[in-house]
>>> print(open('protein_21.cif').read())   # mmCIF, C-alpha atoms and all ligand atoms
data_coords
loop_
_atom_site.label_atom_id
_atom_site.label_comp_id
_atom_site.auth_asym_id
_atom_site.auth_seq_id
_atom_site.Cartn_x
_atom_site.Cartn_y
_atom_site.Cartn_z
CA MET A 1 115.13 128.53 86.14
CA ALA A 2 115.90 127.87 89.78
CA LYS A 3 116.08 130.82 92.12
CA ASN A 4 119.04 130.31 94.36
CA LYS A 5 117.36 129.51 97.64
CA PRO A 6 119.25 126.49 98.91
CA GLU A 7 121.37 125.47 95.91
CA GLY A 8 119.49 123.43 93.30
CA TYR A 9 116.15 123.83 95.10
CA LEU A 10 113.09 124.16 92.87
CA THR A 11 109.60 125.08 94.04
CA ALA A 12 106.69 122.98 92.78
CA LYS A 13 105.64 125.89 90.60
CA GLU A 14 109.07 126.19 89.00
CA SER A 15 109.22 122.46 88.43
CA ARG A 16 105.79 122.45 86.77
CA LYS A 17 106.86 125.28 84.52
CA ILE A 18 110.01 123.40 83.47
CA SER A 19 108.09 120.20 82.75
CA LYS A 20 105.52 122.07 80.66
CA GLU A 21 108.28 123.67 78.61
CA ASN A 22 110.03 120.29 78.31
CA ARG A 23 106.87 118.69 76.96
CA ARG A 24 106.57 121.41 74.37
CA ILE A 25 110.16 120.91 73.18
CA THR A 26 110.16 117.11 73.22
CA ASN A 27 106.76 116.93 71.48
CA GLN A 28 108.25 118.88 68.58
CA PHE A 29 111.15 116.43 68.29
CA GLU A 30 108.86 113.43 68.60
CA LYS A 31 106.46 114.77 65.99
CA GLN A 32 109.32 115.12 63.57
CA ARG A 33 110.51 111.62 64.39
CA LYS A 34 107.15 109.89 64.09
CA ARG A 35 106.48 110.99 60.52
CA LYS A 36 105.84 108.14 58.08
CA ASN A 37 107.65 107.65 54.75
CA VAL A 38 110.40 110.18 55.38
CA PRO A 39 112.26 110.69 52.06
CA GLU A 40 115.75 109.17 52.16
CA SER A 41 117.28 112.47 51.04
CA GLU A 42 116.46 113.94 54.49
CA TYR A 43 118.92 111.65 56.21
CA THR A 44 121.48 110.80 53.54
CA THR A 45 124.72 112.67 53.81
CA THR A 46 128.33 112.34 52.66
CA MET A 47 131.29 111.36 54.78
CA HIS A 48 133.87 114.12 55.13
CA ASN A 49 136.49 111.41 54.78
CA ALA A 50 135.58 108.11 53.10
CA ASP A 51 138.14 106.30 55.27
CA ASN A 52 136.02 106.89 58.37
CA ALA A 53 133.40 104.44 59.59
CA VAL A 54 131.69 107.09 61.74
CA GLU A 55 132.02 110.86 62.11
CA PHE A 56 130.51 112.61 65.13
CA ASP A 57 130.13 116.24 64.17
CA ASP A 58 129.17 118.78 66.83
CA LEU A 59 126.78 116.30 68.48
CA HIS A 60 124.47 117.70 71.16
CA THR A 61 122.34 115.20 73.10
CA TYR A 62 120.23 116.67 75.89
CA PHE A 63 117.84 115.26 78.49
CA PHE A 64 114.89 117.47 79.28
CA THR A 65 114.25 116.61 82.94
CA ASP A 66 112.02 118.25 85.57
CA ALA A 67 115.13 119.62 87.27
CA GLY A 68 116.29 121.32 84.07
CA THR A 69 118.06 120.46 80.82
CA VAL A 70 120.96 118.02 81.24
CA LYS A 71 123.47 118.74 78.49
CA SER A 72 124.98 115.26 78.56
CA VAL A 73 126.74 115.64 75.22
CA ASP A 74 127.39 119.23 74.29
CA GLY A 75 129.25 119.65 71.02
CA VAL A 76 131.23 116.45 70.58
CA SER A 77 133.23 115.90 67.37
CA PHE A 78 135.54 112.99 66.60
CA GLU A 79 135.86 110.24 64.04
CA VAL A 80 136.31 106.50 64.03
CA PRO A 81 138.48 105.42 61.03
CA ILE A 82 137.71 102.11 59.29
CA GLY A 83 139.59 99.19 60.83
CA LYS A 84 140.80 101.22 63.84
CA THR A 85 140.00 101.28 67.54
CA VAL A 86 139.11 104.59 69.14
CA GLY A 87 139.20 104.72 72.92
CA VAL A 88 136.82 107.15 74.61
CA VAL A 89 137.94 107.92 78.14
CA GLY A 90 136.75 110.11 80.98
CA GLU A 91 135.30 110.00 84.48
CA SER A 92 131.90 108.58 85.18
CA GLY A 93 129.08 110.88 84.04
CA CYS A 94 131.02 112.75 81.37
CA GLY A 95 128.80 111.59 78.49
CA LYS A 96 130.61 108.57 77.07
CA SER A 97 127.61 106.25 77.12
CA VAL A 98 125.19 108.92 75.89
CA THR A 99 127.53 109.55 72.91
CA SER A 100 127.51 105.87 71.97
CA LEU A 101 123.79 105.44 72.61
CA SER A 102 123.20 108.39 70.27
CA LEU A 103 124.94 106.42 67.51
CA MET A 104 122.61 103.47 68.15
CA GLN A 105 119.61 105.80 68.57
CA LEU A 106 118.96 104.15 71.90
CA ILE A 107 118.70 107.33 73.97
CA GLN A 108 115.89 107.24 76.49
CA ARG A 109 113.09 109.11 74.72
CA PRO A 110 111.15 111.34 74.79
CA GLN A 111 113.20 113.24 77.39
CA GLY A 112 116.51 112.40 75.68
CA GLN A 113 116.95 113.99 72.24
CA ILE A 114 119.71 114.73 69.77
CA VAL A 115 119.13 118.45 69.48
CA GLU A 116 121.96 119.44 67.15
CA GLY A 117 124.81 118.04 65.07
CA GLU A 118 125.35 115.07 62.78
CA ILE A 119 126.47 111.49 63.22
CA ARG A 120 127.59 110.27 59.82
CA LEU A 121 127.60 106.49 59.43
CA ASN A 122 129.49 105.14 56.43
CA LEU A 123 127.41 102.49 54.66
CA GLY A 124 130.01 101.89 51.94
CA ASP A 125 129.90 102.60 48.19
CA GLY A 126 129.84 106.34 48.82
CA LYS A 127 126.61 106.13 50.83
CA ALA A 128 126.21 107.54 54.34
CA TYR A 129 123.34 108.22 56.73
CA ASN A 130 123.02 110.97 59.27
CA ILE A 131 121.94 108.93 62.31
CA ALA A 132 120.57 112.02 64.05
CA LYS A 133 117.80 112.12 61.44
CA THR A 134 117.42 108.46 60.43
CA PRO A 135 113.88 107.16 61.02
CA ASN A 136 113.30 104.24 63.33
CA GLU A 137 112.41 101.65 60.70
CA LYS A 138 115.77 102.25 58.98
CA MET A 139 117.60 102.21 62.31
CA MET A 140 116.30 98.71 63.00
CA LYS A 141 118.12 97.53 59.86
CA LEU A 142 121.32 99.34 60.79
CA ARG A 143 121.53 98.03 64.35
CA GLY A 144 123.31 94.70 64.34
CA ASN A 145 124.20 94.86 60.65
CA TYR A 146 126.21 98.09 60.68
CA VAL A 147 126.52 99.11 64.31
CA SER A 148 126.48 96.77 67.25
CA MET A 149 126.95 97.23 70.97
CA ILE A 150 128.54 95.18 73.72
CA PHE A 151 127.27 96.33 77.10
CA GLN A 152 129.01 96.52 80.44
CA GLU A 153 127.00 93.97 82.40
CA PRO A 154 126.06 90.95 80.30
CA MET A 155 123.63 89.61 82.91
CA THR A 156 121.31 92.56 82.38
CA SER A 157 121.49 92.26 78.60
CA LEU A 158 120.82 88.53 78.38
CA ASN A 159 117.29 87.35 79.09
CA PRO A 160 117.42 85.01 82.12
CA VAL A 161 114.46 82.85 81.02
CA PHE A 162 115.74 81.87 77.59
CA ARG A 163 118.53 79.49 76.71
CA ILE A 164 121.74 80.98 75.26
CA GLY A 165 121.15 79.22 71.93
CA GLU A 166 117.68 80.69 71.51
CA GLN A 167 118.94 84.20 72.18
CA VAL A 168 121.80 84.04 69.69
CA ASP A 169 119.50 82.32 67.13
CA GLU A 170 117.08 85.20 67.46
CA VAL A 171 119.75 87.78 66.62
CA ILE A 172 120.77 85.85 63.51
CA SER A 173 117.22 85.28 62.29
CA LEU A 174 116.28 88.93 62.82
CA HIS A 175 119.24 90.33 60.94
CA ASP A 176 120.13 87.75 58.29
CA GLU A 177 117.83 88.40 55.42
CA GLU A 178 118.44 85.15 53.58
CA GLY A 179 115.50 83.38 55.25
CA LYS A 180 117.67 80.66 56.74
CA SER A 181 116.29 77.37 58.04
CA LYS A 182 116.26 76.65 61.77
CA GLU A 183 119.07 74.12 61.42
CA ALA A 184 121.26 76.56 59.47
CA ILE A 185 120.73 79.21 62.15
CA LYS A 186 121.63 76.80 64.93
CA GLU A 187 124.75 75.80 63.04
CA LYS A 188 125.77 79.45 62.70
CA THR A 189 125.13 80.07 66.41
CA ILE A 190 127.34 77.16 67.39
CA GLU A 191 130.03 78.35 65.00
CA LEU A 192 129.85 81.84 66.54
CA LEU A 193 130.09 80.47 70.07
CA LYS A 194 133.19 78.54 68.99
CA MET A 195 134.64 81.66 67.39
CA VAL A 196 134.44 83.58 70.67
CA GLY A 197 136.33 80.79 72.41
CA ILE A 198 133.54 78.79 74.04
CA ALA A 199 134.86 75.24 73.95
CA ASN A 200 131.71 73.34 74.82
CA SER A 201 129.55 75.32 72.43
CA GLU A 202 126.90 72.62 71.86
CA GLY A 203 126.46 72.34 75.63
CA VAL A 204 126.38 76.11 76.15
CA TYR A 205 123.73 76.37 73.42
CA GLN A 206 121.35 74.55 75.78
CA MET A 207 122.27 76.50 78.92
CA TYR A 208 120.62 79.44 80.68
CA PRO A 209 122.63 82.63 81.34
CA HIS A 210 122.87 81.97 85.11
CA GLU A 211 124.71 78.71 84.41
CA LEU A 212 127.64 80.60 82.87
CA SER A 213 130.45 82.59 84.48
CA GLY A 214 130.75 86.37 83.91
CA GLY A 215 133.53 85.89 81.34
CA MET A 216 131.49 83.30 79.42
CA ARG A 217 128.44 85.56 79.41
CA GLN A 218 130.54 88.40 78.04
CA ARG A 219 131.75 86.05 75.27
CA VAL A 220 128.13 85.26 74.43
CA MET A 221 127.39 89.00 74.27
CA ILE A 222 130.33 89.45 71.90
CA ALA A 223 129.07 86.56 69.75
CA MET A 224 125.66 88.27 69.54
CA ALA A 225 127.19 91.63 68.72
CA LEU A 226 129.36 90.16 65.96
CA ALA A 227 126.72 87.80 64.55
CA CYS A 228 126.18 89.96 61.46
CA SER A 229 129.74 91.29 61.00
CA PRO A 230 128.93 94.92 61.87
CA ARG A 231 131.14 97.70 60.54
CA ILE A 232 131.39 99.30 63.92
CA ILE A 233 131.36 97.70 67.33
CA ILE A 234 130.67 99.85 70.37
CA ALA A 235 132.12 98.29 73.49
CA ASP A 236 130.90 100.23 76.55
CA GLU A 237 133.13 99.28 79.49
CA PRO A 238 133.14 95.68 78.21
CA THR A 239 135.43 94.30 80.89
CA THR A 240 134.63 96.38 83.97
CA ALA A 241 132.58 93.59 85.56
CA LEU A 242 135.28 90.96 84.97
CA ASP A 243 138.43 90.04 86.84
CA VAL A 244 141.80 90.95 85.41
CA THR A 245 142.85 87.70 83.72
CA ILE A 246 139.46 87.28 82.06
CA GLN A 247 139.59 90.97 81.08
CA ALA A 248 142.82 90.37 79.16
CA GLN A 249 141.31 87.37 77.37
CA ILE A 250 138.18 89.28 76.37
CA LEU A 251 140.20 92.24 75.06
CA ASP A 252 142.41 89.87 73.05
CA LEU A 253 139.35 88.23 71.62
CA LEU A 254 137.80 91.55 70.68
CA ARG A 255 140.96 92.68 68.93
CA HIS A 256 141.30 89.42 67.04
CA LEU A 257 137.66 89.40 65.91
CA LYS A 258 137.75 93.02 64.84
CA ASP A 259 140.62 92.28 62.47
CA LYS A 260 138.90 89.17 61.20
CA ILE A 261 135.77 91.03 60.10
CA ASN A 262 137.63 94.32 59.40
CA SER A 263 135.38 96.50 61.50
CA SER A 264 136.13 99.45 63.79
CA ILE A 265 135.77 99.58 67.55
CA MET A 266 134.62 102.46 69.70
CA LEU A 267 135.93 101.40 73.08
CA ILE A 268 134.50 103.23 76.05
CA THR A 269 136.33 102.90 79.32
CA HIS A 270 137.59 104.80 82.34
CA ASP A 271 140.64 102.51 82.39
CA LEU A 272 143.68 104.06 80.71
CA GLY A 273 145.50 100.72 80.80
CA VAL A 274 142.85 99.21 78.53
CA ILE A 275 143.14 102.18 76.18
CA ALA A 276 146.93 101.92 75.98
CA GLU A 277 146.66 98.29 75.03
CA MET A 278 143.80 98.43 72.58
CA ALA A 279 143.35 101.84 70.99
CA ASP A 280 144.84 103.53 67.93
CA TYR A 281 143.25 106.87 68.78
CA VAL A 282 142.10 108.37 72.08
CA VAL A 283 139.28 110.82 72.77
CA VAL A 284 139.25 112.38 76.25
CA MET A 285 135.83 113.59 77.37
CA TYR A 286 135.00 115.89 80.24
CA ALA A 287 131.53 117.13 81.22
CA GLY A 288 129.95 116.38 77.84
CA ARG A 289 132.76 117.75 75.69
CA VAL A 290 135.93 116.47 74.07
CA VAL A 291 138.85 118.20 75.81
CA GLU A 292 141.66 116.42 74.00
CA LYS A 293 142.07 113.87 71.21
CA GLY A 294 144.94 112.33 69.32
CA THR A 295 146.75 109.12 68.46
CA VAL A 296 147.45 106.83 71.39
CA ARG A 297 151.13 107.78 71.20
CA GLU A 298 150.37 111.52 71.28
CA ILE A 299 148.04 111.23 74.26
CA PHE A 300 150.29 108.96 76.30
CA SER A 301 153.66 110.55 75.55
CA ASN A 302 152.45 114.14 75.44
CA PRO A 303 149.20 114.62 77.36
CA CYS A 304 148.37 118.33 77.16
CA HIS A 305 145.00 119.09 78.73
CA PRO A 306 145.30 119.37 82.52
CA TYR A 307 142.44 116.86 82.81
CA THR A 308 144.30 114.27 80.70
CA ILE A 309 147.44 114.94 82.73
CA GLY A 310 145.39 114.40 85.92
CA LEU A 311 143.97 111.12 84.60
CA MET A 312 147.47 109.90 83.75
CA ALA A 313 148.78 110.89 87.18
CA SER A 314 145.98 109.04 88.94
CA LYS A 315 146.79 105.64 87.51
CA PRO A 316 149.22 103.32 89.30
CA VAL A 317 152.57 102.63 87.61
CA VAL A 318 154.41 99.33 88.09
CA GLY A 319 157.72 99.79 89.90
CA LYS A 320 156.96 103.33 91.08
CA GLN A 321 156.33 103.61 94.79
CA VAL A 322 153.98 106.31 96.01
CA ASP A 323 152.37 106.89 99.42
CA ARG A 324 149.07 107.86 97.89
CA LEU A 325 147.76 107.76 94.34
CA TYR A 326 146.97 111.20 92.92
CA SER A 327 143.31 112.05 92.70
CA ILE A 328 141.97 115.04 90.78
CA PRO A 329 140.56 117.52 93.30
CA GLY A 330 136.91 118.64 93.17
CA LYS A 331 134.11 117.19 91.11
CA VAL A 332 132.46 117.45 87.69
CA PRO A 333 130.22 120.56 87.49
CA ASN A 334 126.43 120.15 87.74
CA PRO A 335 125.33 119.21 84.21
CA VAL A 336 122.17 121.32 84.53
CA ASN A 337 124.10 124.53 85.23
CA MET A 338 127.36 124.47 83.33
CA PRO A 339 129.62 127.48 83.83
CA ASP A 340 130.27 129.85 80.93
CA TYR A 341 134.05 129.46 81.25
CA CYS A 342 136.26 126.37 80.87
CA TYR A 343 134.35 123.52 82.56
CA TYR A 344 137.53 122.22 84.14
CA LYS A 345 138.60 125.54 85.64
CA ASP A 346 137.29 124.91 89.16
CA ARG A 347 139.49 121.80 89.41
CA CYS A 348 142.42 122.96 87.31
CA GLU A 349 145.85 123.36 88.88
CA MET A 350 147.45 124.90 85.81
CA CYS A 351 145.24 127.94 85.19
CA VAL A 352 146.59 130.85 83.19
CA GLU A 353 145.24 134.40 83.10
CA ARG A 354 142.96 133.89 80.14
CA CYS A 355 141.11 130.98 81.75
CA THR A 356 138.41 133.32 83.06
CA GLY A 357 137.30 133.88 79.45
CA GLU A 358 134.68 131.86 77.60
CA TYR A 359 135.01 128.11 77.00
CA PRO A 360 138.30 127.58 75.07
CA GLY A 361 138.05 126.52 71.41
CA GLU A 362 140.03 123.66 69.92
CA ILE A 363 143.73 124.11 69.12
CA SER A 364 145.61 121.83 66.70
CA LEU A 365 148.95 120.66 68.06
CA SER A 366 149.42 118.30 65.10
CA PRO A 367 147.08 117.15 62.30
CA THR A 368 145.72 114.51 64.71
CA HIS A 369 146.36 116.03 68.17
CA LYS A 370 143.79 118.63 69.33
CA VAL A 371 143.25 120.22 72.72
CA SER A 372 140.76 122.71 74.16
CA CYS A 373 142.78 124.67 76.69
CA TYR A 374 144.06 128.25 77.04
CA ARG A 375 147.56 127.05 77.94
CA PHE A 376 148.13 126.48 74.22
CA TYR A 377 146.76 129.82 73.05
CA ASP A 378 150.13 131.31 72.31
CA GLY A 379 149.02 132.88 69.09
CA LYS A 380 150.25 130.27 66.65
CA GLY A 381 147.55 127.65 66.97
CA GLU A 382 144.71 129.93 67.97
CA LYS A 383 141.44 129.67 66.07
N1 LIG B 1 118.09 108.98 80.95
C1 LIG B 1 118.73 110.03 81.45
N2 LIG B 1 118.03 111.06 82.00
C2 LIG B 1 118.67 112.14 82.51
N3 LIG B 1 120.00 112.30 82.54
C3 LIG B 1 120.75 111.29 82.01
C4 LIG B 1 120.16 110.11 81.46
N4 LIG B 1 121.15 109.30 81.00
C5 LIG B 1 122.31 109.94 81.28
N5 LIG B 1 122.08 111.13 81.88
C6 LIG B 1 123.08 112.11 82.33
O1 LIG B 1 123.99 112.34 81.27
C7 LIG B 1 125.31 112.50 81.77
C8 LIG B 1 126.25 111.60 81.04
O2 LIG B 1 125.95 110.26 81.34
P1 LIG B 1 126.73 109.01 80.72
O3 LIG B 1 126.89 109.20 79.25
O4 LIG B 1 125.99 107.80 81.15
O5 LIG B 1 128.14 109.09 81.42
P2 LIG B 1 129.37 108.08 81.30
O6 LIG B 1 128.99 106.95 80.40
O7 LIG B 1 130.50 108.91 80.78
O8 LIG B 1 129.65 107.63 82.69
C9 LIG B 1 125.23 112.27 83.27
O9 LIG B 1 125.22 113.51 83.91
C10 LIG B 1 123.93 111.55 83.45
O10 LIG B 1 123.37 111.86 84.69
S1 LIG B 2 141.68 126.46 79.86
FE1 LIG B 2 142.63 127.05 81.78
S2 LIG B 2 141.25 126.27 83.36
FE2 LIG B 2 140.77 125.22 81.46
S3 LIG B 2 141.96 123.37 81.52
FE3 LIG B 2 143.17 124.87 80.39
S4 LIG B 2 144.48 125.81 81.94
FE4 LIG B 2 142.86 124.75 83.05
MG MG B 3 128.78 104.91 80.88
#
>>> encode(input="protein_21.cif", output="structure tokens")
Amino acid sequence: MAKNKPEGYLTAKESRKISKENRRITNQFEKQRKRKNVPESEYTTTMHNADNAVEFDDLHTYFFTDAGTVKSVDGVSFEVPIGKTVGVVGESGCGKSVTSLSLMQLIQRPQGQIVEGEIRLNLGDGKAYNIAKTPNEKMMKLRGNYVSMIFQEPMTSLNPVFRIGEQVDEVISLHDEEGKSKEAIKEKTIELLKMVGIANSEGVYQMYPHELSGGMRQRVMIAMALACSPRIIIADEPTTALDVTIQAQILDLLRHLKDKINSSIMLITHDLGVIAEMADYVVVMYAGRVVEKGTVREIFSNPCHPYTIGLMASKPVVGKQVDRLYSIPGKVPNPVNMPDYCYYKDRCEMCVERCTGEYPGEISLSPTHKVSCYRFYDGKGEK
């Protein structure tokens, strides 16, 4: 690893050594992944709780880069119950998107790899797959039909040279296995566009993405994501690029549609206001780990991890006048060289004596409320 000349500096020789080692590791993963006719028993699993749509269990997703191994997701566990919305919140770069991309198996390979842990996806009737081990040909069937994703910036996800209608048609024809006629597909597309609140859906069918506003494009993205009634919808910062009134409309729409097709939502955002409005459960991530999780009530009325408390303090409150909004001091540690103590310690304003010890394990404050922080190690909840 890097000798500490100027901080983070690597000589060409060191960098070559790292990339050689990276190739060796990623080739092993890729070899495993590229096998043909993998028996289903290798990736079937059982849900720990049949009421969950997805269970992340000790997920580790790393990127093997020339500057070192980026531990983007480093032991993340949480579940998404059927019919519920789980909000995943945290600063930029803390691993929210990598967690959700792991569930879609859309991590940038070969450098990005799930190196450890399980992601159990409930397929119904007692059947479940471990996504970490599911081969690509099976994944193609799961994407869209079981798990679907709405991205942050619809303009980059829609193809600018095809009409909206063609793009939604394509999703339906790829995933619907009934061998529908062209007319039937077009009819379904128009029905979907209506369902997401596009009034002039026949007109929009003929339009190109640049002819639509940001809000309309996001509606089209939602229509595409919901085309095959997936069991779980991942919405990664779905409203960040939109203005506030449109944001409220899109969130309303999402909530309404989720109930209509009885799916679950994994809602990723850095906006606590969105979480408060939409989520049933909250997962707070920091530097690739879950630091606190609980029901929305538990997290908002009794935030326990100093990071969660900091996030709450840094959001504006209507009717409360402050000179300056609070901002959490310091920055997220370098993901290549994580410390061996609590990752939040260098920014924490509530340290106790034990904080110099190893990374704190998870403490249960209630059956649903968990926190990883030494402030709660008073003997009774300690692992
Ligand atoms: N393709 C990649 N190659 C290397 N590092 C990556 C890649 N994608 C994400 N990362 C790193 O993983 C960490 C988590 O990223 P991300 O999940 O996108 O954060 P978030 O969505 O919470 O803002 C970041 O440190 C980021 O730099
Ligand atoms: S374990 Fe200590 S340093 Fe880490 S968040 Fe809790 S109080 Fe702060
Ligand atoms: Mg992200």
>>> closest_residue(input="protein_21.cif", among="A:Tyr9, A:Tyr129, A:Phe63, A:Phe151", to="ligand MG 3 (chain B)", atoms="all atoms listed in the file")
A:Phe151
>>> residues_near_ligand(input="protein_21.cif", ligand="ligand LIG 2 (chain B)", cutoff="6 Å", atoms="all atoms listed in the file", output="PyMOL selection string")
chain A and resi 305-306+342+344-345+348+350-352+355+360+373-375
>>> axis_aligned_box(input="protein_21.cif", around="region 136-154 of chain A", padding_each_side="3 Å", output="JSON")
{"center_x": 120.7, "center_y": 97.6, "center_z": 70.7, "size_x": 22.6, "size_y": 19.3, "size_z": 29.4}
>>> atom_distance(input="protein_21.cif", atom1="CA of His60 (chain A)", atom2="CA of Ile25 (chain A)")
14.8 Å
>>> residues_near_ligand(input="protein_21.cif", ligand="ligand LIG 1 (chain B)", cutoff="10 Å", atoms="all atoms listed in the file", output="JSON, numbers by chain")
{"A": [61, 62, 63, 64, 65, 66, 67, 68, 69, 70, 71, 72, 73, 88, 89, 90, 91, 92, 93, 94, 95, 96, 97, 98, 99, 100, 101, 102, 107, 108, 109, 110, 111, 112, 236, 237, 268, 269, 270, 285, 286, 287, 288, 332, 333, 334, 335, 336]}
>>> atom_distance(input="protein_21.cif", atom1="CA of Leu311 (chain A)", atom2="CA of Asp58 (chain A)")
24.4 Å
>>> residues_around(input="protein_21.cif", residues="Arg35 (chain A)", least_positions_apart="2", cutoff="12 Å", atoms="all atoms listed in the file", output="PDB file with C-alpha atoms, in the coordinates of the input")
ATOM      1  CA  GLN A  28     108.250 118.880  68.580  1.00  0.00           C
ATOM      2  CA  PHE A  29     111.150 116.430  68.290  1.00  0.00           C
ATOM      3  CA  GLU A  30     108.860 113.430  68.600  1.00  0.00           C
ATOM      4  CA  LYS A  31     106.460 114.770  65.990  1.00  0.00           C
ATOM      5  CA  GLN A  32     109.320 115.120  63.570  1.00  0.00           C
ATOM      6  CA  ARG A  33     110.510 111.620  64.390  1.00  0.00           C
ATOM      7  CA  ASN A  37     107.650 107.650  54.750  1.00  0.00           C
ATOM      8  CA  VAL A  38     110.400 110.180  55.380  1.00  0.00           C
ATOM      9  CA  PRO A  39     112.260 110.690  52.060  1.00  0.00           C
ATOM     10  CA  LYS A 133     117.800 112.120  61.440  1.00  0.00           C
ATOM     11  CA  THR A 134     117.420 108.460  60.430  1.00  0.00           C
ATOM     12  CA  PRO A 135     113.880 107.160  61.020  1.00  0.00           C
ATOM     13  CA  ASN A 136     113.300 104.240  63.330  1.00  0.00           C
ATOM     14  CA  GLU A 137     112.410 101.650  60.700  1.00  0.00           C
TER      15      GLU A 137
END
>>> residues_around(input="protein_21.cif", residues="Gly126 (chain A)", least_positions_apart="6", cutoff="8 Å", atoms="only C-alpha atoms", output="list in words")
Thr46, Met47 and Ala50 of chain A
>>> write_last_selection(input="protein_21.cif", atoms="C-alpha atoms", output="PDB file, in the coordinates of the input")
ATOM      1  CA  THR A  46     128.330 112.340  52.660  1.00  0.00           C
ATOM      2  CA  MET A  47     131.290 111.360  54.780  1.00  0.00           C
ATOM      3  CA  ALA A  50     135.580 108.110  53.100  1.00  0.00           C
TER       4      ALA A  50
END
>>> decode(input="protein_21.cif", residues="region 284-305 of chain A", atoms="C-alpha atoms", output="PDB file, in the first residue's frame")
ATOM      1  CA  VAL A 284     -29.047   5.861   7.918  1.00  0.00           C
ATOM      2  CA  MET A 285     -25.795   5.125   6.099  1.00  0.00           C
ATOM      3  CA  TYR A 286     -22.373   6.562   6.779  1.00  0.00           C
ATOM      4  CA  ALA A 287     -19.145   5.680   4.949  1.00  0.00           C
ATOM      5  CA  GLY A 288     -20.442   2.376   3.571  1.00  0.00           C
ATOM      6  CA  ARG A 289     -22.127   1.169   6.748  1.00  0.00           C
ATOM      7  CA  VAL A 290     -25.530   1.393   8.379  1.00  0.00           C
ATOM      8  CA  VAL A 291     -25.115   3.478  11.543  1.00  0.00           C
ATOM      9  CA  GLU A 292     -28.763   3.561  12.589  1.00  0.00           C
ATOM     10  CA  LYS A 293     -32.072   2.111  11.428  1.00  0.00           C
ATOM     11  CA  GLY A 294     -35.624   2.072  12.686  1.00  0.00           C
ATOM     12  CA  THR A 295     -39.202   3.039  11.958  1.00  0.00           C
ATOM     13  CA  VAL A 296     -39.694   6.571  10.695  1.00  0.00           C
ATOM     14  CA  ARG A 297     -41.173   7.531  14.074  1.00  0.00           C
ATOM     15  CA  GLU A 298     -38.197   6.119  15.998  1.00  0.00           C
ATOM     16  CA  ILE A 299     -35.649   7.892  13.822  1.00  0.00           C
ATOM     17  CA  PHE A 300     -37.411  11.249  13.794  1.00  0.00           C
ATOM     18  CA  SER A 301     -38.562  11.396  17.412  1.00  0.00           C
ATOM     19  CA  ASN A 302     -35.528   9.695  18.926  1.00  0.00           C
ATOM     20  CA  PRO A 303     -32.471   9.957  16.672  1.00  0.00           C
ATOM     21  CA  CYS A 304     -29.614   8.284  18.562  1.00  0.00           C
ATOM     22  CA  HIS A 305     -26.471   8.105  16.434  1.00  0.00           C
TER      23      HIS A 305
END
